[in-house]
file data_7.cif (mmCIF, C-alpha atoms)
data_input
#
loop_
_atom_site.label_atom_id
_atom_site.label_comp_id
_atom_site.auth_asym_id
_atom_site.auth_seq_id
_atom_site.Cartn_x
_atom_site.Cartn_y
_atom_site.Cartn_z
CA MET V 789 37.41 122.93 193.24
CA GLU V 790 38.15 125.87 190.98
CA GLU V 791 36.29 129.08 191.52
CA GLU V 792 34.78 128.93 188.02
CA ASN V 793 33.02 125.65 188.76
CA CYS V 794 31.85 126.59 192.26
CA VAL V 795 28.06 126.75 192.65
CA PHE V 796 28.34 129.22 195.53
CA CYS V 797 30.52 131.54 193.46
CA LYS V 798 27.85 131.35 190.76
CA ILE V 799 25.19 132.28 193.32
CA VAL V 800 27.31 135.22 194.48
CA LYS V 801 27.72 136.40 190.87
CA GLY V 802 23.98 135.95 190.17
CA GLU V 803 24.63 133.22 187.60
CA LEU V 804 22.55 130.79 189.66
CA PRO V 805 19.34 131.74 191.48
CA CYS V 806 18.91 131.63 195.25
CA HIS V 807 16.43 132.67 197.89
CA LYS V 808 18.58 135.52 199.17
CA LEU V 809 17.95 136.72 202.71
CA ALA V 810 20.58 139.38 203.26
CA GLU V 811 23.78 140.74 201.82
CA GLU V 812 26.68 142.74 203.15
CA GLU V 813 30.10 143.70 201.78
CA VAL V 814 31.80 140.42 202.71
CA ALA V 815 29.00 137.86 202.88
CA ILE V 816 25.58 136.81 201.68
CA ALA V 817 22.87 134.66 203.26
CA PHE V 818 20.34 132.52 201.41
CA LEU V 819 18.07 129.55 202.05
CA ASP V 820 19.47 126.02 201.75
CA ILE V 821 17.61 124.29 198.93
CA ASN V 822 17.63 120.99 200.86
CA PRO V 823 16.50 122.31 204.24
CA CYS V 824 16.94 120.27 207.43
CA SER V 825 14.19 122.40 209.01
CA PRO V 826 12.08 125.47 208.11
CA GLY V 827 14.37 128.48 207.67
CA HIS V 828 17.61 126.48 207.19
CA ALA V 829 19.98 129.05 205.73
CA LEU V 830 23.57 129.30 204.56
CA VAL V 831 25.91 132.22 205.12
CA ILE V 832 28.93 132.36 202.84
CA PRO V 833 31.81 134.71 202.05
CA LYS V 834 31.50 136.33 198.63
CA LYS V 835 35.13 135.52 197.92
CA HIS V 836 35.97 131.90 197.21
CA TYR V 837 37.67 130.28 200.19
CA GLU V 838 37.70 126.52 200.40
CA ARG V 839 38.23 126.31 204.14
CA LEU V 840 37.91 128.54 207.17
CA GLU V 841 41.69 128.43 207.68
CA ASP V 842 42.11 130.16 204.31
CA MET V 843 40.11 133.23 205.37
CA PRO V 844 41.56 136.29 207.07
CA ARG V 845 40.23 136.71 210.61
CA GLU V 846 38.48 139.99 209.73
CA GLU V 847 36.40 138.33 207.02
CA VAL V 848 35.45 135.43 209.30
CA GLU V 849 34.28 137.98 211.85
CA LYS V 850 32.14 139.85 209.31
CA LEU V 851 30.73 136.58 207.99
CA ILE V 852 29.61 135.56 211.47
CA GLY V 853 28.36 139.04 212.23
CA LEU V 854 25.94 138.67 209.33
CA ALA V 855 25.06 135.10 210.38
CA HIS V 856 24.21 136.38 213.86
CA GLU V 857 21.81 138.99 212.52
CA VAL V 858 20.21 136.68 209.99
CA ALA V 859 19.76 133.98 212.64
CA LYS V 860 17.80 136.42 214.80
CA ALA V 861 15.52 137.22 211.87
CA ILE V 862 15.04 133.52 211.09
CA VAL V 863 14.12 132.72 214.69
CA LYS V 864 11.41 135.40 214.59
CA ALA V 865 10.16 134.49 211.12
CA VAL V 866 9.77 130.75 211.68
CA ASN V 867 9.06 130.96 215.41
CA ALA V 868 11.99 128.69 216.29
CA ASP V 869 12.97 127.75 219.84
CA GLY V 870 16.66 127.78 219.05
CA PHE V 871 19.16 127.00 216.32
CA ASN V 872 22.42 125.32 215.52
CA LEU V 873 24.94 127.54 213.77
CA GLY V 874 27.88 125.63 212.44
CA ILE V 875 30.29 124.68 209.72
CA ASN V 876 31.56 121.41 208.25
CA ASN V 877 35.13 122.48 207.57
CA GLY V 878 37.00 120.05 205.33
CA ARG V 879 35.78 116.82 203.74
CA ALA V 880 36.57 114.84 206.91
CA ALA V 881 34.08 117.09 208.71
CA GLY V 882 31.35 116.51 206.14
CA GLN V 883 32.00 119.46 203.81
CA GLU V 884 30.61 118.77 200.33
CA ILE V 885 30.67 122.13 198.57
CA MET V 886 34.22 123.38 198.83
CA HIS V 887 33.34 127.03 199.46
CA VAL V 888 33.11 128.04 203.15
CA HIS V 889 29.48 128.01 204.35
CA PHE V 890 27.93 128.26 207.78
CA ASN V 891 24.59 126.52 208.33
CA ILE V 892 21.87 128.13 210.42
CA ILE V 893 19.51 125.28 211.32
CA PRO V 894 16.39 126.36 213.24
CA ARG V 895 15.38 123.99 216.03
CA PHE V 896 12.00 123.37 217.61
CA GLN V 897 11.06 121.91 220.99
CA GLY V 898 10.63 118.16 220.60
CA ASP V 899 12.02 118.07 217.05
CA GLY V 900 13.82 114.82 217.82
CA GLY V 901 17.19 116.23 216.82
CA ARG V 902 20.56 116.06 218.51
CA PRO V 903 23.29 118.40 219.75
CA ILE V 904 26.53 119.11 217.89
CA GLN V 905 28.41 116.83 220.29
CA SER V 906 26.62 113.89 218.66
CA LEU V 907 28.48 114.32 215.35
CA VAL V 908 31.48 112.18 216.19
CA LYS V 909 33.15 110.19 218.94
CA VAL V 910 36.90 109.60 218.63
CA GLU V 911 38.85 108.23 221.58
CA VAL V 912 41.26 110.69 223.19
CA LYS V 913 44.43 108.80 224.08
CA GLU V 914 46.50 111.59 225.60
CA SER V 915 45.68 113.46 228.79
CA LEU V 916 43.85 116.77 228.38
CA GLU V 917 46.93 118.50 229.80
CA GLU V 918 49.13 116.99 227.09
CA VAL V 919 46.65 118.00 224.37
CA ALA V 920 46.37 121.52 225.78
CA LYS V 921 50.16 121.88 225.85
CA LYS V 922 50.47 120.95 222.17
CA ILE V 923 47.73 123.40 221.20
CA ARG V 924 49.28 126.23 223.22
CA GLU V 925 52.61 125.57 221.48
CA ALA V 926 50.95 125.68 218.04
CA TRP V 927 49.05 128.84 219.04
CA SER V 928 52.24 130.62 220.07
CA LYS V 929 53.92 130.10 216.69
CA PRO V 930 53.92 133.26 214.59
CA ASN V 931 53.37 131.44 211.28
CA LEU V 932 50.04 129.97 212.30
CA MET G 421 20.59 130.16 235.08
CA GLU G 422 21.96 132.94 237.23
CA GLU G 423 25.45 134.15 236.59
CA GLU G 424 26.57 133.18 240.11
CA ASN G 425 25.75 129.52 239.52
CA CYS G 426 27.19 129.33 236.02
CA VAL G 427 30.16 126.96 235.68
CA PHE G 428 31.52 128.88 232.69
CA CYS G 429 31.41 132.16 234.63
CA LYS G 430 33.35 130.37 237.39
CA ILE G 431 35.93 129.23 234.82
CA VAL G 432 36.24 132.81 233.51
CA LYS G 433 36.76 134.10 237.07
CA GLY G 434 39.30 131.36 237.83
CA GLU G 435 37.07 129.82 240.50
CA LEU G 436 37.01 126.54 238.58
CA PRO G 437 40.04 125.07 236.77
CA CYS G 438 40.23 124.56 233.02
CA HIS G 439 42.77 123.61 230.37
CA LYS G 440 42.97 127.11 228.96
CA LEU G 441 44.19 127.47 225.38
CA ALA G 442 43.93 131.19 224.66
CA GLU G 443 42.41 134.36 226.01
CA GLU G 444 41.51 137.73 224.57
CA GLU G 445 39.55 140.72 225.84
CA VAL G 446 36.12 139.33 225.00
CA ALA G 447 36.54 135.55 224.98
CA ILE G 448 38.48 132.57 226.28
CA ALA G 449 39.10 129.11 224.82
CA PHE G 450 39.66 125.91 226.79
CA LEU G 451 39.41 122.16 226.31
CA ASP G 452 36.06 120.42 226.73
CA ILE G 453 36.37 118.00 229.65
CA ASN G 454 34.17 115.46 227.84
CA PRO G 455 35.85 115.58 224.43
CA CYS G 456 34.13 114.20 221.32
CA SER G 457 37.59 113.94 219.70
CA PRO G 458 41.18 114.93 220.52
CA GLY G 459 41.44 118.70 220.81
CA HIS G 460 37.69 119.33 221.29
CA ALA G 461 37.59 122.88 222.63
CA LEU G 462 35.05 125.46 223.72
CA VAL G 463 35.18 129.17 223.02
CA ILE G 464 33.02 131.35 225.25
CA PRO G 465 32.39 135.04 225.90
CA LYS G 466 33.73 136.21 229.26
CA LYS G 467 30.46 137.99 229.95
CA HIS G 468 27.47 135.83 230.79
CA TYR G 469 25.08 135.59 227.85
CA GLU G 470 22.59 132.76 227.80
CA ARG G 471 22.01 132.79 224.04
CA LEU G 472 23.66 134.15 220.94
CA GLU G 473 20.72 136.51 220.39
CA ASP G 474 21.58 138.24 223.68
CA MET G 475 25.08 139.22 222.52
CA PRO G 476 25.97 142.40 220.66
CA ARG G 477 27.19 141.71 217.15
CA GLU G 478 30.68 143.08 217.92
CA GLU G 479 31.19 140.57 220.72
CA VAL G 480 29.99 137.67 218.58
CA GLU G 481 32.51 138.72 215.94
CA LYS G 482 35.39 138.85 218.44
CA LEU G 483 34.33 135.50 219.91
CA ILE G 484 34.46 133.84 216.50
CA GLY G 485 37.66 135.64 215.61
CA LEU G 486 39.29 133.89 218.56
CA ALA G 487 37.62 130.59 217.67
CA HIS G 488 39.05 130.86 214.14
CA GLU G 489 42.60 131.32 215.41
CA VAL G 490 42.34 128.63 218.06
CA ALA G 491 40.87 126.19 215.54
CA LYS G 492 43.91 126.67 213.31
CA ALA G 493 46.22 125.89 216.25
CA ILE G 494 44.17 122.82 217.17
CA VAL G 495 44.29 121.46 213.62
CA LYS G 496 48.10 121.73 213.65
CA ALA G 497 48.50 120.36 217.16
CA VAL G 498 46.34 117.25 216.79
CA ASN G 499 46.95 116.81 213.05
CA ALA G 500 43.24 116.97 212.21
CA ASP G 501 41.84 116.75 208.68
CA GLY G 502 39.06 119.21 209.43
CA PHE G 503 36.71 120.37 212.15
CA ASN G 504 33.16 121.26 212.95
CA LEU G 505 32.72 124.66 214.57
CA GLY G 506 29.27 125.19 215.95
CA ILE G 507 26.86 126.16 218.68
CA ASN G 508 23.80 124.57 220.24
CA ASN G 509 21.79 127.74 220.83
CA GLY G 510 18.83 127.21 223.13
CA ARG G 511 17.67 124.02 224.87
CA ALA G 512 15.74 122.94 221.77
CA ALA G 513 19.07 122.94 219.90
CA GLY G 514 20.79 120.81 222.55
CA GLN G 515 22.26 123.56 224.75
CA GLU G 516 22.89 122.28 228.27
CA ILE G 517 25.08 124.94 229.90
CA MET G 518 23.21 128.18 229.54
CA HIS G 519 26.25 130.35 228.76
CA VAL G 520 27.03 130.80 225.05
CA HIS G 521 29.73 128.37 223.91
CA PHE G 522 31.02 127.39 220.49
CA ASN G 523 32.41 123.89 220.06
CA ILE G 524 35.49 123.23 217.95
CA ILE G 525 35.39 119.50 217.20
CA PRO G 526 38.43 118.20 215.29
CA ARG G 527 37.62 115.64 212.60
CA PHE G 528 39.73 112.90 211.10
CA GLN G 529 39.45 111.06 207.79
CA GLY G 530 37.33 107.96 208.35
CA ASP G 531 36.29 108.92 211.88
CA GLY G 532 32.79 107.61 211.23
CA GLY G 533 31.17 110.92 212.12
CA ARG G 534 28.48 112.92 210.39
CA PRO G 535 27.93 116.45 209.01
CA ILE G 536 25.95 119.17 210.78
CA GLN G 537 23.02 118.57 208.43
CA SER G 538 22.47 115.24 210.24
CA LEU G 539 21.40 116.92 213.48
CA VAL G 540 17.72 117.22 212.68
CA LYS G 541 15.10 116.71 209.99
CA VAL G 542 11.89 118.72 210.26
CA GLU G 543 9.48 118.83 207.35
CA VAL G 544 9.22 122.21 205.60
CA LYS G 545 5.58 122.80 204.73
CA GLU G 546 5.82 126.22 203.08
CA SER G 547 7.61 126.98 199.83
CA LEU G 548 11.15 128.30 200.12
CA GLU G 549 9.94 131.56 198.60
CA GLU G 550 7.34 131.96 201.35
CA VAL G 551 9.90 131.20 204.06
CA ALA G 552 12.40 133.64 202.51
CA LYS G 553 9.77 136.38 202.37
CA LYS G 554 8.99 136.03 206.08
CA ILE G 555 12.66 136.12 206.99
CA ARG G 556 13.32 139.21 204.84
CA GLU G 557 10.39 140.94 206.54
CA ALA G 558 11.77 140.07 210.01
CA TRP G 559 15.26 141.18 208.91
CA SER G 560 14.00 144.57 207.75
CA LYS G 561 12.43 145.41 211.12
CA PRO G 562 14.52 147.86 213.09
CA ASN G 563 13.76 146.28 216.49
CA LEU G 564 15.32 142.95 215.61
#
call {"tool": "encode", "arguments": {"input": "data_7.cif", "output": "structure tokens"}}
result
Amino acid sequence: MEEENCVFCKIVKGELPCHKLAEEEVAIAFLDINPCSPGHALVIPKKHYERLEDMPREEVEKLIGLAHEVAKAIVKAVNADGFNLGINNGRAAGQEIMHVHFNIIPRFQGDGGRPIQSLVKVEVKESLEEVAKKIREAWSKPNL
Amino acid sequence: MEEENCVFCKIVKGELPCHKLAEEEVAIAFLDINPCSPGHALVIPKKHYERLEDMPREEVEKLIGLAHEVAKAIVKAVNADGFNLGINNGRAAGQEIMHVHFNIIPRFQGDGGRPIQSLVKVEVKESLEEVAKKIREAWSKPNL
């Protein structure tokens, strides 16, 4: 998706309205218009990045720093018992708007919901040691 | 849960084994022993914090900085099409081990899984504007 057609870029630029919660240099937070629960918010980088891999580490850190603070405010405001904070990164992971966004989804005792581990179950054919070895090799490459 | 009985604290101290992927000053990453998909990893702070709210912002940022880099290595190593990165924060959100941990769950085209928005559906009774106002008020308090 091009930046000029991106709804989140339009929200950042003020060309589309949002229920803004907080703003910092790198990121803004606003309410999801199709909330999964009261206080469901999105935290996005102001710059257009399609996927988390495209962002520099420093901007990811600042994005999550804001998410952390906003999540605390949401918990107090809606009297939540907890929350899920997470991202669908890539279409295979359920991403629909191709501009990085973290969801803060407040959770309430007995809300009937599930943990993040419920999202998918794919059989692991290799041993954990083999998987770990491949990841360590990828991690050690300078061009990551 | 007390720190001395915490399995993740034992992993950090080397008293329990793990398939370690990476380590930095603040955080370590290792494979989940009950993987949802190949390469499913956990990223945790070395210090014992039960919930995200208990952590200083700087440590949350460094934790996610490591998660970001490890996720990139995992995607390359297992040839994933995407991933979910997220936390169950608090028992109501599905947290079982009471030491902060982010899940990196690799996703694959056609894996039959769901997005994070599928975790829960709780009716929102107030208007979004009312919810946003309460959150902004909580956010503006200095003792957050």
call {"tool": "interface_residues", "arguments": {"input": "data_7.cif", "of": "chain G", "to": "chain V", "cutoff": "6 Å", "atoms": "only C-alpha atoms", "output": "PDB file with C-alpha atoms, in the frame of the given file"}}
result
ATOM      1  CA  LEU G 441      44.190 127.470 225.380  1.00  0.00           C
ATOM      2  CA  CYS G 456      34.130 114.200 221.320  1.00  0.00           C
ATOM      3  CA  SER G 457      37.590 113.940 219.700  1.00  0.00           C
ATOM      4  CA  PRO G 458      41.180 114.930 220.520  1.00  0.00           C
ATOM      5  CA  ARG G 477      27.190 141.710 217.150  1.00  0.00           C
ATOM      6  CA  GLU G 481      32.510 138.720 215.940  1.00  0.00           C
ATOM      7  CA  GLY G 485      37.660 135.640 215.610  1.00  0.00           C
ATOM      8  CA  ALA G 493      46.220 125.890 216.250  1.00  0.00           C
ATOM      9  CA  ILE G 494      44.170 122.820 217.170  1.00  0.00           C
ATOM     10  CA  ALA G 497      48.500 120.360 217.160  1.00  0.00           C
ATOM     11  CA  ASP G 501      41.840 116.750 208.680  1.00  0.00           C
ATOM     12  CA  GLY G 502      39.060 119.210 209.430  1.00  0.00           C
ATOM     13  CA  PHE G 503      36.710 120.370 212.150  1.00  0.00           C
ATOM     14  CA  ASN G 504      33.160 121.260 212.950  1.00  0.00           C
ATOM     15  CA  LEU G 505      32.720 124.660 214.570  1.00  0.00           C
ATOM     16  CA  GLY G 506      29.270 125.190 215.950  1.00  0.00           C
ATOM     17  CA  ILE G 507      26.860 126.160 218.680  1.00  0.00           C
ATOM     18  CA  ASN G 508      23.800 124.570 220.240  1.00  0.00           C
ATOM     19  CA  ASN G 509      21.790 127.740 220.830  1.00  0.00           C
ATOM     20  CA  GLY G 510      18.830 127.210 223.130  1.00  0.00           C
ATOM     21  CA  ALA G 512      15.740 122.940 221.770  1.00  0.00           C
ATOM     22  CA  ALA G 513      19.070 122.940 219.900  1.00  0.00           C
ATOM     23  CA  GLY G 514      20.790 120.810 222.550  1.00  0.00           C
ATOM     24  CA  ARG G 527      37.620 115.640 212.600  1.00  0.00           C
ATOM     25  CA  PHE G 528      39.730 112.900 211.100  1.00  0.00           C
ATOM     26  CA  GLN G 529      39.450 111.060 207.790  1.00  0.00           C
ATOM     27  CA  GLY G 533      31.170 110.920 212.120  1.00  0.00           C
ATOM     28  CA  ARG G 534      28.480 112.920 210.390  1.00  0.00           C
ATOM     29  CA  PRO G 535      27.930 116.450 209.010  1.00  0.00           C
ATOM     30  CA  LEU G 539      21.400 116.920 213.480  1.00  0.00           C
ATOM     31  CA  VAL G 540      17.720 117.220 212.680  1.00  0.00           C
ATOM     32  CA  LYS G 541      15.100 116.710 209.990  1.00  0.00           C
ATOM     33  CA  VAL G 542      11.890 118.720 210.260  1.00  0.00           C
ATOM     34  CA  VAL G 544       9.220 122.210 205.600  1.00  0.00           C
ATOM     35  CA  LYS G 554       8.990 136.030 206.080  1.00  0.00           C
ATOM     36  CA  ILE G 555      12.660 136.120 206.990  1.00  0.00           C
ATOM     37  CA  ARG G 556      13.320 139.210 204.840  1.00  0.00           C
ATOM     38  CA  ALA G 558      11.770 140.070 210.010  1.00  0.00           C
ATOM     39  CA  TRP G 559      15.260 141.180 208.910  1.00  0.00           C
TER      40      TRP G 559
END
call {"tool": "resolve_selection", "arguments": {"input": "data_7.cif", "expression": "the PyMOL selection byres ((chain V and resi 833) around 8)", "output": "ChimeraX atom specification"}}
result
/V:814-816,831-832,834-837,847,851,888-889
call {"tool": "atom_distance", "arguments": {"input": "data_7.cif", "atom1": "atom CA of V:His887", "atom2": "atom CA of V:Ala817"}}
result
13.5 Å
call {"tool": "atom_distance", "arguments": {"input": "data_7.cif", "atom1": "atom CA of G:Glu445", "atom2": "atom CA of G:Val427"}}
result
19.3 Å
call {"tool": "decode", "arguments": {"input": "data_7.cif", "residues": "stretch 499-516 of chain G", "atoms": "N, CA, C and O atoms", "output": "mmCIF file, in the first residue's frame"}}
result
data_model
loop_
_atom_site.group_PDB
_atom_site.id
_atom_site.type_symbol
_atom_site.label_atom_id
_atom_site.label_comp_id
_atom_site.auth_asym_id
_atom_site.auth_seq_id
_atom_site.Cartn_x
_atom_site.Cartn_y
_atom_site.Cartn_z
ATOM 1 N N ASN G 499 11.801 -19.181 7.800
ATOM 2 C CA ASN G 499 11.155 -18.809 6.548
ATOM 3 C C ASN G 499 9.668 -18.484 6.760
ATOM 4 O O ASN G 499 8.794 -18.961 6.021
ATOM 5 N N ALA G 500 9.398 -17.672 7.764
ATOM 6 C CA ALA G 500 8.011 -17.313 8.096
ATOM 7 C C ALA G 500 7.514 -16.201 7.173
ATOM 8 O O ALA G 500 8.308 -15.459 6.589
ATOM 9 N N ASP G 501 6.202 -16.102 7.044
ATOM 10 C CA ASP G 501 5.589 -15.038 6.243
ATOM 11 C C ASP G 501 5.186 -13.837 7.100
ATOM 12 O O ASP G 501 4.789 -12.795 6.579
ATOM 13 N N GLY G 502 5.268 -14.015 8.406
ATOM 14 C CA GLY G 502 4.900 -12.946 9.324
ATOM 15 C C GLY G 502 5.007 -13.468 10.739
ATOM 16 O O GLY G 502 5.488 -14.587 10.962
ATOM 17 N N PHE G 503 4.575 -12.662 11.689
ATOM 18 C CA PHE G 503 4.550 -13.143 13.081
ATOM 19 C C PHE G 503 3.606 -12.288 13.902
ATOM 20 O O PHE G 503 3.295 -11.144 13.543
ATOM 21 N N ASN G 504 3.130 -12.883 14.979
ATOM 22 C CA ASN G 504 2.459 -12.114 16.021
ATOM 23 C C ASN G 504 3.465 -11.914 17.147
ATOM 24 O O ASN G 504 4.148 -12.862 17.546
ATOM 25 N N LEU G 505 3.563 -10.693 17.612
ATOM 26 C CA LEU G 505 4.390 -10.384 18.783
ATOM 27 C C LEU G 505 3.432 -9.837 19.814
ATOM 28 O O LEU G 505 2.739 -8.846 19.543
ATOM 29 N N GLY G 506 3.361 -10.494 20.966
ATOM 30 C CA GLY G 506 2.391 -10.002 21.940
ATOM 31 C C GLY G 506 2.542 -10.584 23.318
ATOM 32 O O GLY G 506 3.261 -11.571 23.535
ATOM 33 N N ILE G 507 1.834 -9.947 24.249
ATOM 34 C CA ILE G 507 1.901 -10.331 25.656
ATOM 35 C C ILE G 507 0.494 -10.555 26.197
ATOM 36 O O ILE G 507 -0.448 -9.827 25.856
ATOM 37 N N ASN G 508 0.360 -11.594 27.026
ATOM 38 C CA ASN G 508 -0.804 -11.760 27.888
ATOM 39 C C ASN G 508 -0.430 -11.113 29.217
ATOM 40 O O ASN G 508 0.397 -11.652 29.952
ATOM 41 N N ASN G 509 -0.991 -9.978 29.516
ATOM 42 C CA ASN G 509 -0.581 -9.228 30.700
ATOM 43 C C ASN G 509 -1.667 -9.275 31.773
ATOM 44 O O ASN G 509 -2.684 -8.584 31.659
ATOM 45 N N GLY G 510 -1.418 -10.103 32.788
ATOM 46 C CA GLY G 510 -2.422 -10.317 33.829
ATOM 47 C C GLY G 510 -3.190 -11.599 33.558
ATOM 48 O O GLY G 510 -3.361 -12.002 32.406
ATOM 49 N N ARG G 511 -3.656 -12.245 34.630
ATOM 50 C CA ARG G 511 -4.363 -13.528 34.481
ATOM 51 C C ARG G 511 -5.593 -13.396 33.604
ATOM 52 O O ARG G 511 -5.926 -14.293 32.830
ATOM 53 N N ALA G 512 -6.291 -12.248 33.706
ATOM 54 C CA ALA G 512 -7.502 -12.043 32.894
ATOM 55 C C ALA G 512 -7.178 -12.040 31.411
ATOM 56 O O ALA G 512 -8.042 -12.305 30.575
ATOM 57 N N ALA G 513 -5.912 -11.749 31.070
ATOM 58 C CA ALA G 513 -5.492 -11.703 29.662
ATOM 59 C C ALA G 513 -4.864 -13.024 29.225
ATOM 60 O O ALA G 513 -4.384 -13.130 28.098
ATOM 61 N N GLY G 514 -4.854 -14.016 30.129
ATOM 62 C CA GLY G 514 -4.311 -15.321 29.766
ATOM 63 C C GLY G 514 -2.898 -15.573 30.259
ATOM 64 O O GLY G 514 -2.275 -16.574 29.893
ATOM 65 N N GLN G 515 -2.369 -14.683 31.110
ATOM 66 C CA GLN G 515 -1.006 -14.884 31.625
ATOM 67 C C GLN G 515 -0.981 -16.052 32.602
ATOM 68 O O GLN G 515 -1.804 -16.122 33.517
ATOM 69 N N GLU G 516 -0.066 -16.976 32.399
ATOM 70 C CA GLU G 516 0.039 -18.123 33.313
ATOM 71 C C GLU G 516 1.313 -18.082 34.148
ATOM 72 O O GLU G 516 1.275 -18.391 35.334
#
